[in-house]
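This is my_file09.tsv. It holds TSV, C-alpha atoms and all ligand atoms.
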chain	number	residue	atom	x	y	z
A	118	MET	CA	20.81	-152.89	-142.12
A	119	SER	CA	23.61	-153.96	-144.38
A	120	LYS	CA	26.17	-156.73	-144.46
A	121	ILE	CA	29.50	-156.15	-142.76
A	122	GLN	CA	32.48	-158.38	-143.29
A	123	ILE	CA	34.70	-158.81	-140.27
A	124	VAL	CA	38.31	-159.41	-141.24
A	125	GLU	CA	40.15	-161.12	-138.40
A	126	VAL	CA	43.79	-160.04	-138.13
A	127	GLY	CA	44.56	-161.45	-134.68
A	128	PRO	CA	46.78	-164.35	-135.74
A	129	ARG	CA	49.09	-161.70	-137.25
A	130	ASP	CA	48.64	-158.38	-135.41
A	131	GLY	CA	47.55	-160.01	-132.17
A	132	PHE	CA	50.26	-162.60	-131.96
A	133	GLN	CA	53.19	-160.60	-133.40
A	134	ASN	CA	53.70	-158.69	-130.15
A	135	LEU	CA	53.56	-161.68	-127.80
A	136	LYS	CA	56.93	-162.75	-126.45
A	137	ASP	CA	56.17	-166.35	-125.56
A	138	TYR	CA	56.12	-168.47	-128.69
A	139	ILE	CA	52.74	-170.01	-129.52
A	140	PRO	CA	53.19	-173.40	-131.18
A	141	VAL	CA	51.71	-173.95	-134.63
A	142	GLU	CA	49.04	-176.38	-133.35
A	143	GLN	CA	47.69	-173.75	-130.97
A	144	LYS	CA	47.71	-171.05	-133.64
A	145	LEU	CA	45.89	-173.50	-135.88
A	146	LYS	CA	43.23	-174.16	-133.24
A	147	VAL	CA	42.55	-170.43	-132.79
A	148	ILE	CA	42.22	-170.03	-136.55
A	149	GLU	CA	39.94	-173.05	-136.87
A	150	ASP	CA	37.77	-171.77	-134.01
A	151	LEU	CA	37.44	-168.46	-135.84
A	152	ILE	CA	36.44	-170.23	-139.05
A	153	GLY	CA	33.94	-172.31	-137.07
A	154	ALA	CA	32.39	-169.13	-135.65
A	155	GLY	CA	31.71	-167.86	-139.16
A	156	ILE	CA	34.64	-165.51	-139.81
A	157	LYS	CA	35.16	-165.42	-143.60
A	158	SER	CA	38.56	-163.79	-143.91
A	159	ILE	CA	41.68	-164.14	-141.76
A	160	GLN	CA	45.11	-162.53	-141.85
A	161	HIS	CA	46.86	-165.57	-140.48
A	162	THR	CA	50.52	-164.45	-140.37
A	163	SER	CA	53.13	-162.22	-141.93
A	164	PHE	CA	56.12	-162.96	-144.12
A	165	VAL	CA	58.66	-160.76	-142.41
A	166	SER	CA	62.12	-161.18	-140.99
A	167	PRO	CA	62.03	-163.61	-138.05
A	168	LYS	CA	64.61	-161.35	-136.43
A	169	ALA	CA	62.06	-158.50	-136.50
A	170	ILE	CA	59.05	-160.62	-135.46
A	171	PRO	CA	60.19	-163.93	-133.90
A	172	GLN	CA	56.63	-165.02	-133.03
A	173	LEU	CA	55.75	-165.43	-136.71
A	174	LYS	CA	58.82	-167.44	-137.70
A	175	ASP	CA	56.47	-170.33	-138.56
A	176	ALA	CA	54.72	-168.40	-141.36
A	177	LYS	CA	55.60	-170.95	-144.03
A	178	GLU	CA	54.59	-173.98	-142.00
A	179	LEU	CA	51.30	-172.46	-140.89
A	180	THR	CA	50.46	-171.24	-144.39
A	181	SER	CA	51.15	-174.64	-145.94
A	182	ILE	CA	48.91	-176.39	-143.43
A	183	LEU	CA	46.07	-173.90	-143.91
A	184	LEU	CA	46.21	-173.92	-147.70
A	185	GLU	CA	46.18	-177.69	-147.72
A	186	LYS	CA	43.26	-177.98	-145.28
A	187	TYR	CA	41.20	-175.01	-146.51
A	188	PRO	CA	42.12	-174.41	-150.17
A	189	ASP	CA	39.14	-172.12	-150.82
A	190	TYR	CA	39.30	-170.01	-147.67
A	191	ASP	CA	40.20	-166.31	-147.76
A	192	PHE	CA	43.54	-166.34	-145.93
A	193	PHE	CA	46.00	-163.52	-146.42
A	194	ALA	CA	49.36	-162.52	-144.95
A	195	LEU	CA	51.08	-159.23	-144.32
A	196	VAL	CA	54.23	-158.60	-146.35
A	197	PRO	CA	56.64	-155.67	-146.04
A	198	ASN	CA	58.59	-156.19	-149.25
A	199	LEU	CA	59.13	-158.21	-152.43
A	200	TYR	CA	60.91	-160.94	-150.48
A	201	GLY	CA	57.81	-161.49	-148.36
A	202	ALA	CA	55.44	-161.38	-151.34
A	203	ARG	CA	57.58	-163.94	-153.16
A	204	SER	CA	57.63	-166.28	-150.16
A	205	ALA	CA	53.85	-166.07	-149.82
A	206	TYR	CA	53.24	-166.52	-153.54
A	207	GLU	CA	55.55	-169.49	-153.88
A	208	LEU	CA	53.65	-171.29	-151.13
A	209	GLY	CA	50.43	-170.80	-153.10
A	210	LEU	CA	48.92	-167.85	-151.24
A	211	ARG	CA	47.13	-165.48	-153.63
A	212	LYS	CA	46.34	-162.62	-151.28
A	213	VAL	CA	48.63	-160.38	-149.25
A	214	SER	CA	48.45	-157.08	-147.48
A	215	TYR	CA	51.39	-154.88	-148.29
A	216	VAL	CA	52.20	-152.51	-145.47
A	217	VAL	CA	53.36	-148.97	-146.05
A	218	SER	CA	53.05	-146.13	-143.57
A	219	LEU	CA	51.67	-142.72	-144.36
A	220	SER	CA	54.33	-141.55	-141.92
A	221	VAL	CA	57.76	-141.39	-143.50
A	222	SER	CA	59.41	-141.91	-140.10
A	223	HIS	CA	57.26	-144.89	-139.16
A	224	ASN	CA	57.82	-146.44	-142.58
A	225	LYS	CA	61.54	-146.19	-141.93
A	226	ALA	CA	61.28	-147.58	-138.38
A	227	ASN	CA	58.94	-150.38	-139.38
A	228	ILE	CA	60.22	-151.54	-142.75
A	229	ASN	CA	63.39	-149.58	-143.31
A	230	ARG	CA	62.20	-147.90	-146.49
A	231	THR	CA	61.36	-144.47	-147.90
A	232	HIS	CA	57.94	-143.96	-149.49
A	233	GLU	CA	59.54	-144.07	-152.90
A	234	GLU	CA	61.27	-147.37	-152.15
A	235	SER	CA	58.10	-148.90	-150.73
A	236	LEU	CA	55.96	-147.81	-153.67
A	237	GLU	CA	58.58	-148.92	-156.19
A	238	GLU	CA	58.62	-152.35	-154.55
A	239	LEU	CA	54.82	-152.44	-154.57
A	240	LYS	CA	54.89	-151.81	-158.32
A	241	THR	CA	57.34	-154.67	-158.80
A	242	ILE	CA	55.10	-157.01	-156.79
A	243	ILE	CA	52.01	-156.06	-158.80
A	244	ASP	CA	53.86	-156.38	-162.11
A	245	THR	CA	55.51	-159.68	-161.18
A	246	TYR	CA	52.63	-161.55	-159.56
A	247	LYS	CA	49.67	-160.64	-161.71
A	248	ASP	CA	47.22	-162.99	-160.03
A	249	LEU	CA	48.22	-161.90	-156.53
A	250	ASN	CA	45.51	-159.89	-154.82
A	251	VAL	CA	47.26	-157.02	-153.01
A	252	CYS	CA	45.54	-154.95	-150.35
A	253	VAL	CA	47.64	-152.00	-149.24
A	254	ASP	CA	47.68	-151.40	-145.49
A	255	VAL	CA	48.21	-147.69	-144.98
A	256	ALA	CA	49.69	-147.64	-141.47
A	257	THR	CA	49.51	-144.48	-139.30
A	258	THR	CA	46.71	-142.98	-141.45
A	259	PHE	CA	45.17	-141.41	-138.35
A	260	GLY	CA	48.39	-140.41	-136.60
A	261	CYS	CA	52.00	-141.36	-136.02
A	262	PRO	CA	54.05	-141.71	-132.82
A	263	PHE	CA	56.82	-139.61	-134.39
A	264	GLU	CA	54.97	-137.16	-136.65
A	265	GLY	CA	51.56	-136.58	-135.04
A	266	LYS	CA	48.33	-136.27	-137.04
A	267	TYR	CA	47.81	-135.43	-140.67
A	268	THR	CA	45.25	-133.30	-142.49
A	269	THR	CA	42.65	-135.12	-144.56
A	270	GLY	CA	44.19	-133.49	-147.64
A	271	HIS	CA	47.56	-135.02	-146.81
A	272	VAL	CA	45.99	-138.46	-146.34
A	273	LEU	CA	44.13	-138.24	-149.67
A	274	LYS	CA	47.28	-137.23	-151.51
A	275	PHE	CA	49.07	-140.35	-150.33
A	276	LEU	CA	46.07	-142.59	-151.06
A	277	ASP	CA	46.09	-141.14	-154.56
A	278	ARG	CA	49.72	-142.22	-155.05
A	279	VAL	CA	48.80	-145.74	-153.94
A	280	ALA	CA	45.59	-145.82	-156.02
A	281	ASN	CA	47.58	-144.84	-159.10
A	282	MET	CA	49.54	-148.07	-158.83
A	283	GLY	CA	46.44	-150.08	-159.74
A	284	VAL	CA	45.59	-151.23	-156.23
A	285	LYS	CA	41.96	-152.28	-155.70
A	286	GLU	CA	41.85	-152.56	-151.93
A	287	MET	CA	43.24	-150.49	-149.07
A	288	SER	CA	43.09	-150.73	-145.32
A	289	LEU	CA	43.27	-147.47	-143.39
A	290	ALA	CA	45.06	-148.16	-140.13
A	291	ASP	CA	45.02	-146.36	-136.83
A	292	THR	CA	48.27	-148.03	-135.82
A	293	ILE	CA	48.62	-146.37	-132.42
A	294	GLY	CA	44.96	-145.85	-131.58
A	295	VAL	CA	44.85	-142.06	-131.65
A	296	ALA	CA	41.92	-141.52	-133.99
A	297	ASN	CA	38.72	-139.89	-132.79
A	298	PRO	CA	35.26	-140.45	-134.33
A	299	LYS	CA	35.13	-137.01	-136.00
A	300	GLN	CA	38.48	-137.62	-137.66
A	301	VAL	CA	37.46	-141.13	-138.76
A	302	ARG	CA	34.22	-139.80	-140.25
A	303	GLU	CA	36.06	-137.09	-142.13
A	304	ILE	CA	38.87	-139.24	-143.51
A	305	VAL	CA	36.81	-142.34	-144.33
A	306	SER	CA	33.98	-140.37	-145.97
A	307	ALA	CA	36.49	-138.41	-148.06
A	308	ALA	CA	38.41	-141.55	-149.09
A	309	VAL	CA	35.27	-143.46	-150.08
A	310	LYS	CA	34.02	-140.48	-152.10
A	311	GLU	CA	37.34	-139.64	-153.75
A	312	PHE	CA	38.23	-143.22	-154.73
A	313	PRO	CA	35.01	-145.07	-155.60
A	314	GLU	CA	37.00	-147.76	-157.42
A	315	ILE	CA	38.86	-148.75	-154.23
A	316	GLU	CA	37.41	-151.07	-151.60
A	317	PHE	CA	38.38	-149.58	-148.24
A	318	GLN	CA	38.49	-151.24	-144.86
A	319	VAL	CA	39.68	-149.95	-141.51
A	320	HIS	CA	42.15	-151.35	-139.03
A	321	ILE	CA	41.56	-149.67	-135.69
A	322	HIS	CA	43.54	-149.99	-132.48
A	323	ASP	CA	41.77	-149.58	-129.17
A	324	THR	CA	44.64	-147.98	-127.27
A	325	ARG	CA	42.46	-145.12	-125.98
A	326	ASN	CA	39.21	-147.06	-125.67
A	327	MET	CA	37.85	-145.66	-128.95
A	328	GLY	CA	38.14	-148.81	-131.05
A	329	MET	CA	34.45	-149.67	-131.12
A	330	VAL	CA	33.18	-146.16	-131.73
A	331	ASN	CA	35.79	-145.47	-134.40
A	332	THR	CA	35.00	-148.73	-136.19
A	333	LEU	CA	31.29	-148.00	-136.04
A	334	VAL	CA	31.78	-144.50	-137.40
A	335	ALA	CA	33.88	-145.92	-140.24
A	336	ILE	CA	31.02	-148.28	-141.07
A	337	GLU	CA	28.51	-145.46	-140.94
A	338	SER	CA	30.83	-143.50	-143.22
A	339	GLY	CA	30.64	-146.10	-145.96
A	340	ILE	CA	32.99	-149.02	-145.42
A	341	THR	CA	31.67	-152.59	-145.36
A	342	LYS	CA	34.79	-154.42	-144.15
A	343	ALA	CA	36.40	-153.92	-140.76
A	344	GLN	CA	39.46	-155.52	-139.24
A	345	SER	CA	39.64	-156.59	-135.61
A	346	THR	CA	41.39	-159.15	-133.42
A	347	LEU	CA	40.04	-161.90	-131.22
A	348	GLY	CA	40.48	-160.84	-127.59
A	349	GLY	CA	41.61	-157.38	-128.66
A	350	LEU	CA	45.24	-158.45	-128.90
A	351	GLY	CA	47.59	-156.46	-131.06
A	352	GLY	CA	50.25	-153.84	-131.41
A	353	CYS	CA	53.18	-152.88	-133.57
A	354	PRO	CA	56.62	-153.43	-132.01
A	355	PHE	CA	57.95	-150.55	-134.13
A	356	ALA	CA	55.36	-147.96	-133.05
A	357	PRO	CA	55.91	-146.84	-129.45
A	358	GLY	CA	52.63	-146.82	-127.52
A	359	ALA	CA	50.74	-149.14	-129.87
A	360	SER	CA	48.48	-151.65	-128.13
A	361	GLY	CA	45.52	-153.89	-128.86
A	362	ASN	CA	42.99	-153.74	-131.67
A	363	THR	CA	39.23	-153.62	-131.39
A	364	ALA	CA	38.17	-157.00	-129.98
A	365	THR	CA	36.38	-159.09	-132.62
A	366	GLU	CA	33.90	-160.68	-130.21
A	367	ASP	CA	32.87	-157.30	-128.75
A	368	LEU	CA	32.56	-155.73	-132.18
A	369	VAL	CA	30.53	-158.59	-133.59
A	370	PHE	CA	28.23	-158.55	-130.58
A	371	MET	CA	27.55	-154.85	-131.12
A	372	LEU	CA	27.02	-155.14	-134.86
A	373	ASN	CA	24.77	-158.22	-134.62
A	374	ASP	CA	22.74	-156.57	-131.89
A	375	MET	CA	22.33	-153.46	-134.03
A	376	GLY	CA	20.98	-155.60	-136.85
A	377	TYR	CA	23.99	-155.65	-139.13
A	378	GLU	CA	24.53	-158.97	-140.89
A	379	THR	CA	27.95	-160.37	-140.03
A	380	GLY	CA	27.14	-164.08	-140.39
A	381	ILE	CA	29.14	-164.72	-137.21
A	382	ASP	CA	28.03	-166.66	-134.13
A	383	VAL	CA	29.04	-164.62	-131.07
A	384	ASP	CA	28.83	-167.54	-128.62
A	385	LYS	CA	31.29	-169.54	-130.70
A	386	LEU	CA	33.52	-166.49	-130.91
A	387	ILE	CA	33.49	-166.16	-127.12
A	388	GLU	CA	34.51	-169.81	-126.81
A	389	ALA	CA	37.34	-169.12	-129.26
A	390	ALA	CA	38.40	-166.10	-127.21
A	391	LYS	CA	38.39	-168.14	-124.00
A	392	TYR	CA	40.67	-170.71	-125.56
A	393	GLU	CA	42.96	-167.97	-126.86
A	394	LYS	CA	43.08	-166.38	-123.43
A	395	SER	CA	44.13	-169.72	-121.92
A	396	ILE	CA	47.17	-170.06	-124.19
A	397	ILE	CA	48.65	-166.59	-124.07
A	398	THR	CA	50.21	-164.32	-121.53
A	399	GLY	CA	49.58	-160.83	-122.75
A	400	ASN	CA	47.31	-157.96	-123.44
A	401	PHE	CA	43.95	-159.74	-123.75
A	402	SER	CA	41.35	-156.99	-123.57
A	403	GLY	CA	38.05	-158.36	-124.93
A	404	HIS	CA	35.10	-157.68	-122.61
A	405	LEU	CA	32.65	-160.43	-123.50
A	406	VAL	CA	34.62	-163.35	-122.07
A	407	ASN	CA	34.14	-161.85	-118.62
A	408	ILE	CA	30.35	-162.03	-118.76
A	409	GLN	CA	28.97	-165.15	-117.11
A	410	LYS	CA	26.11	-166.91	-118.87
A	411	GLY	CA	23.42	-166.10	-116.27
A	412	GLN	CA	24.39	-162.42	-116.29
A	413	GLN	CA	23.36	-161.95	-119.88
A	414	CYS	CA	19.86	-160.75	-120.50
A	415	ASN	CA	19.38	-163.19	-123.35
A	416	ILE	CA	19.82	-160.67	-126.08
A	501	LIG	N1	60.89	-162.37	-144.76
A	501	LIG	C1	61.91	-162.97	-144.10
A	501	LIG	N2	63.13	-162.43	-144.01
A	501	LIG	C2	63.34	-161.26	-144.63
A	501	LIG	C3	62.34	-160.60	-145.35
A	501	LIG	C4	61.07	-161.20	-145.39
A	501	LIG	N3	60.04	-160.62	-146.02
A	501	LIG	N4	62.84	-159.47	-145.86
A	501	LIG	C5	64.12	-159.41	-145.48
A	501	LIG	N5	64.42	-160.48	-144.74
A	501	LIG	C6	65.70	-160.79	-144.10
A	501	LIG	C7	66.87	-160.81	-145.04
A	501	LIG	O1	67.07	-162.10	-145.57
A	501	LIG	C8	68.00	-160.40	-144.13
A	501	LIG	O2	68.34	-161.53	-143.35
A	501	LIG	P1	69.81	-161.71	-142.75
A	501	LIG	O3	70.02	-160.60	-141.75
A	501	LIG	O4	69.76	-163.05	-142.11
A	501	LIG	O5	70.74	-161.62	-143.92
A	501	LIG	C9	67.35	-159.38	-143.20
A	501	LIG	O6	65.96	-159.70	-143.21
A	501	LIG	C10	67.55	-157.94	-143.64
A	501	LIG	O7	67.27	-157.87	-145.02
A	501	LIG	P2	67.11	-156.49	-145.78
A	501	LIG	O8	66.66	-156.71	-147.17
A	501	LIG	O9	68.37	-155.68	-145.59
A	501	LIG	O10	65.95	-155.89	-144.99
A	501	LIG	P3	65.63	-154.42	-144.71
A	501	LIG	O11	66.45	-153.91	-143.58
A	501	LIG	O12	65.61	-153.63	-145.96
A	501	LIG	O13	64.11	-154.59	-144.26
A	501	LIG	C11	62.51	-155.80	-142.98
A	501	LIG	C12	63.82	-155.08	-143.00
A	501	LIG	C13	61.39	-155.02	-143.59
A	501	LIG	C14	62.61	-157.11	-143.69
A	501	LIG	C15	62.32	-156.12	-141.51
A	501	LIG	O14	62.51	-154.93	-140.76
A	501	LIG	C16	60.97	-156.67	-141.17
A	501	LIG	O15	60.63	-157.79	-141.52
A	501	LIG	N6	60.18	-155.91	-140.45
A	501	LIG	C17	58.91	-156.37	-139.95
A	501	LIG	C18	57.92	-155.28	-140.02
A	501	LIG	C19	56.67	-155.73	-139.34
A	501	LIG	O16	56.22	-156.86	-139.44
A	501	LIG	N7	56.07	-154.78	-138.59
A	501	LIG	C20	54.86	-155.04	-137.88
A	501	LIG	C21	53.65	-155.10	-138.74
A	501	LIG	S1	53.18	-153.59	-139.44
A	502	ZN	ZN	47.70	-153.06	-136.18

Write out the structure in this file as structure tokens.
Amino acid sequence: MSKIQIVEVGPRDGFQNLKDYIPVEQKLKVIEDLIGAGIKSIQHTSFVSPKAIPQLKDAKELTSILLEKYPDYDFFALVPNLYGARSAYELGLRKVSYVVSLSVSHNKANINRTHEESLEELKTIIDTYKDLNVCVDVATTFGCPFEGKYTTGHVLKFLDRVANMGVKEMSLADTIGVANPKQVREIVSAAVKEFPEIEFQVHIHDTRNMGMVNTLVAIESGITKAQSTLGGLGGCPFAPGASGNTATEDLVFMLNDMGYETGIDVDKLIEAAKYEKSIITGNFSGHLVNIQKGQQCNI
């Protein structure tokens, strides 16, 4: 069995939808618990308009604290535009995920840009910040609330436009959790085959209870990095119907038990999830926190 890297995106995707503000110290504790459990890469915030996402208005403060305390850790932040990339870069962050939707309508609703404008801005970011590692998050790859689903050919065509900009990493996102395993197999296998120079990962929402199976199928189709969120929090405020991601603790439990190497301690992750659950009011959907110690069969 091979190594799988779990990329935790809860502090961004999980928290962005929560109305009650979570103070920086509590965000920090969740992140430190995740690091302590063995998670090696965390999307800790986004540099977006605080009017659009009030929960993440502390992006600069949180980033500064994390970079100071953990200078070598793989933190990255979502950015929607040059403004966000500049803010992240000037604080010292050297990795961002740049979000652009395959759906023209969702791209407009989410970041108020056409494809051409988004890709033009991506080019400026890459040209301006040469040592900035940019992963492109392709939102709505598996379906859009406004436009429906796309053919694999249509997906590949858009990935080709992004790949031509010199990007090395892409995350294929099921923003509203409509993918099915057959579709994931087809799109992920085709992407991995068509673009061997790109490192792909998936970002799967669990809206229709298919998060685990879709993530597993993506892994079996050739990806070695998968995004998830502690407690299964998550959702995009600009995509009607979007809800939580695949829960990190559930996913890690499954992968470890199958013999994949994640390097993550599930018990520590469950403790992290319990703490997270105690500080939020919202769509916590992880399963493992509900299992009492004596009920486990010591696997
Ligand atoms: N960080 C902080 N503020 C930003 C910003 C950024 N990256 N980009 C723009 N802004 C601010 C501008 O300063 C301006 O502020 P003001 O109203 O106080 O003057 C305001 O946002 C609008 O700026 P403008 O350049 O006209 O933005 P826009 O309308 O072209 O783009 C976005 C809007 C993209 C900035 C905004 O919709 C956004 O941040 N969306 C969040 C998307 C998101 O996080 N979705 C969920 C994850 S996929
Ligand atoms: Zn998401």

Near Val279 (chain A), counting only C-alpha atoms, which residues have an atom at most 10 Å away, once you skip same-chain residues fewer than 6 positions from it, shown as a count of residues only? 10

Please list as a VMD selection string every residue within 7 Å of Gln160 (chain A), counting all atoms listed in the file and excluding residues in the same chain fewer than 6 positions away. chain A and resid 125 to 126 128 to 129 192 to 194

Top pick for closest residue to ligand ZN 502 (chain A), considering A:Asp137, A:Glu233, A:Asp175, A:Asp291 and counting only C-alpha atoms and all ligand atoms: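 Of A:Asp137, A:Glu233, A:Asp175, A:Asp291, the one nearest ligand ZN 502 (chain A) is A:Asp291, counting only C-alpha atoms and all ligand atoms.
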
Just to confirm, what's the straight-line distance from CA of Lys299 (chain A) to CA of Gln122 (chain A) in Å (one decimal)?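 A separation of 22.7 Å between them.
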
How would you write, as a PyMOL selection string, the set of residues no farther than 8 Å from ligand ZN 502 (chain A) when counting only C-alpha atoms and all ligand atoms? chain A and resi 130+256+290-293+320-322+351-353+361-362

Please find the residues contacting ligand LIG 501 (chain A) at a distance of at most 8 Å between atoms, with only C-alpha atoms and all ligand atoms counted, and report them as a PyMOL selection string. chain A and resi 130+133+163-170+195-202+204+216+226-230+256+353-355

Per residue of region 178-251 of chain A within 10 Å of region 148-152 of chain A, record the nearest atom pair and its distance in Å to one decimal, counting all atoms listed in the file, with rows in chain order and ascending residue number, as a Markdown table.
| residue | atom | partner | partner_atom | distance |
| --- | --- | --- | --- | --- |
| A:Leu183 | CA | A:Ile148 | CA | 9.2 |
| A:Tyr187 | CA | A:Glu149 | CA | 9.9 |
| A:Tyr190 | CA | A:Ile152 | CA | 9.1 |

Within 8 Å of (54.8, -142.6, -140.5) (coordinates as in the file), grab all the protein and nucleic acid residues, counting all atoms listed in the file, and write them out as a PDB file with C-alpha atoms, in the frame of the given file.
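Generated file (point07.pdb):
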ATOM      1  CA  SER A 218      53.050-146.130-143.570  1.00  0.00           C
ATOM      2  CA  LEU A 219      51.670-142.720-144.360  1.00  0.00           C
ATOM      3  CA  SER A 220      54.330-141.550-141.920  1.00  0.00           C
ATOM      4  CA  VAL A 221      57.760-141.390-143.500  1.00  0.00           C
ATOM      5  CA  SER A 222      59.410-141.910-140.100  1.00  0.00           C
ATOM      6  CA  HIS A 223      57.260-144.890-139.160  1.00  0.00           C
ATOM      7  CA  ASN A 224      57.820-146.440-142.580  1.00  0.00           C
ATOM      8  CA  LYS A 225      61.540-146.190-141.930  1.00  0.00           C
ATOM      9  CA  ALA A 256      49.690-147.640-141.470  1.00  0.00           C
ATOM     10  CA  THR A 257      49.510-144.480-139.300  1.00  0.00           C
ATOM     11  CA  GLY A 260      48.390-140.410-136.600  1.00  0.00           C
ATOM     12  CA  CYS A 261      52.000-141.360-136.020  1.00  0.00           C
ATOM     13  CA  PRO A 262      54.050-141.710-132.820  1.00  0.00           C
ATOM     14  CA  PHE A 263      56.820-139.610-134.390  1.00  0.00           C
ATOM     15  CA  GLU A 264      54.970-137.160-136.650  1.00  0.00           C
TER      16      GLU A 264
END

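Remark: for Gln143 (chain A), the closest of the candidate residues A:Ile408, A:Val305, A:Ala356, A:Tyr392 is A:Tyr392 (distances computed over all atoms listed in the file).
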
Tell me, in Å to one decimal, how far CA of Ile396 (chain A) is from CA of Lys144 (chain A). 9.5 Å

Could you check which residues have any atom within 12 Å of (32.8, -142.9, -136.6), counting all atoms listed in the file with coordinates taken straight from the file, and then list them as a list in words?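 Residues with an atom close enough to that point: Ala296, Asn297, Pro298, Lys299, Gln300, Val301, Arg302, Glu303, Ile304, Val305, Ser306, Val319, Ile321, Met327, Gly328, Met329, Val330, Asn331, Thr332, Leu333, Val334, Ala335, Ile336, Glu337, Ser338, Gly339 and Ile340 of chain A.
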
For CA of Asn281 (chain A) and CA of Leu210 (chain A), determine how far apart the two atoms are, in Å to one decimal place.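 Separation between CA of Asn281 (chain A) and CA of Leu210 (chain A): 24.4 Å.
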
Rank A:Gly283, A:Gly294, A:Gly349, A:Gly270 by their smallest atom-to-atom distance to Glu311 (chain A), using only C-alpha atoms, and report the top residue only.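 Nearest candidate to Glu311 (chain A) out of A:Gly283, A:Gly294, A:Gly349, A:Gly270: A:Gly270.
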
Given 3 Å on each side, where is the centre and what are the edge lengths in Å to one decimal of the axis-aligned box enclosing the listed atoms of region 218-227 of chain A, as AutoDock Vina command-line options?
--center_x 56.6 --center_y -145.9 --center_z -141.4 --size_x 15.9 --size_y 15.0 --size_z 12.0

Restricting the calculation to all atoms listed in the file, which member of A:Met371, A:Ile156, A:Ala307, A:Val251 is positioned closest to Thr346 (chain A)?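 Selected residue with least distance to Thr346 (chain A): A:Ile156.
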
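Compared by their closest atoms to Arg203 (chain A), and using all atoms listed in the file, the residues A:Leu372, A:Leu405, A:Leu173, A:Leu249 rank with A:Leu249 nearest.
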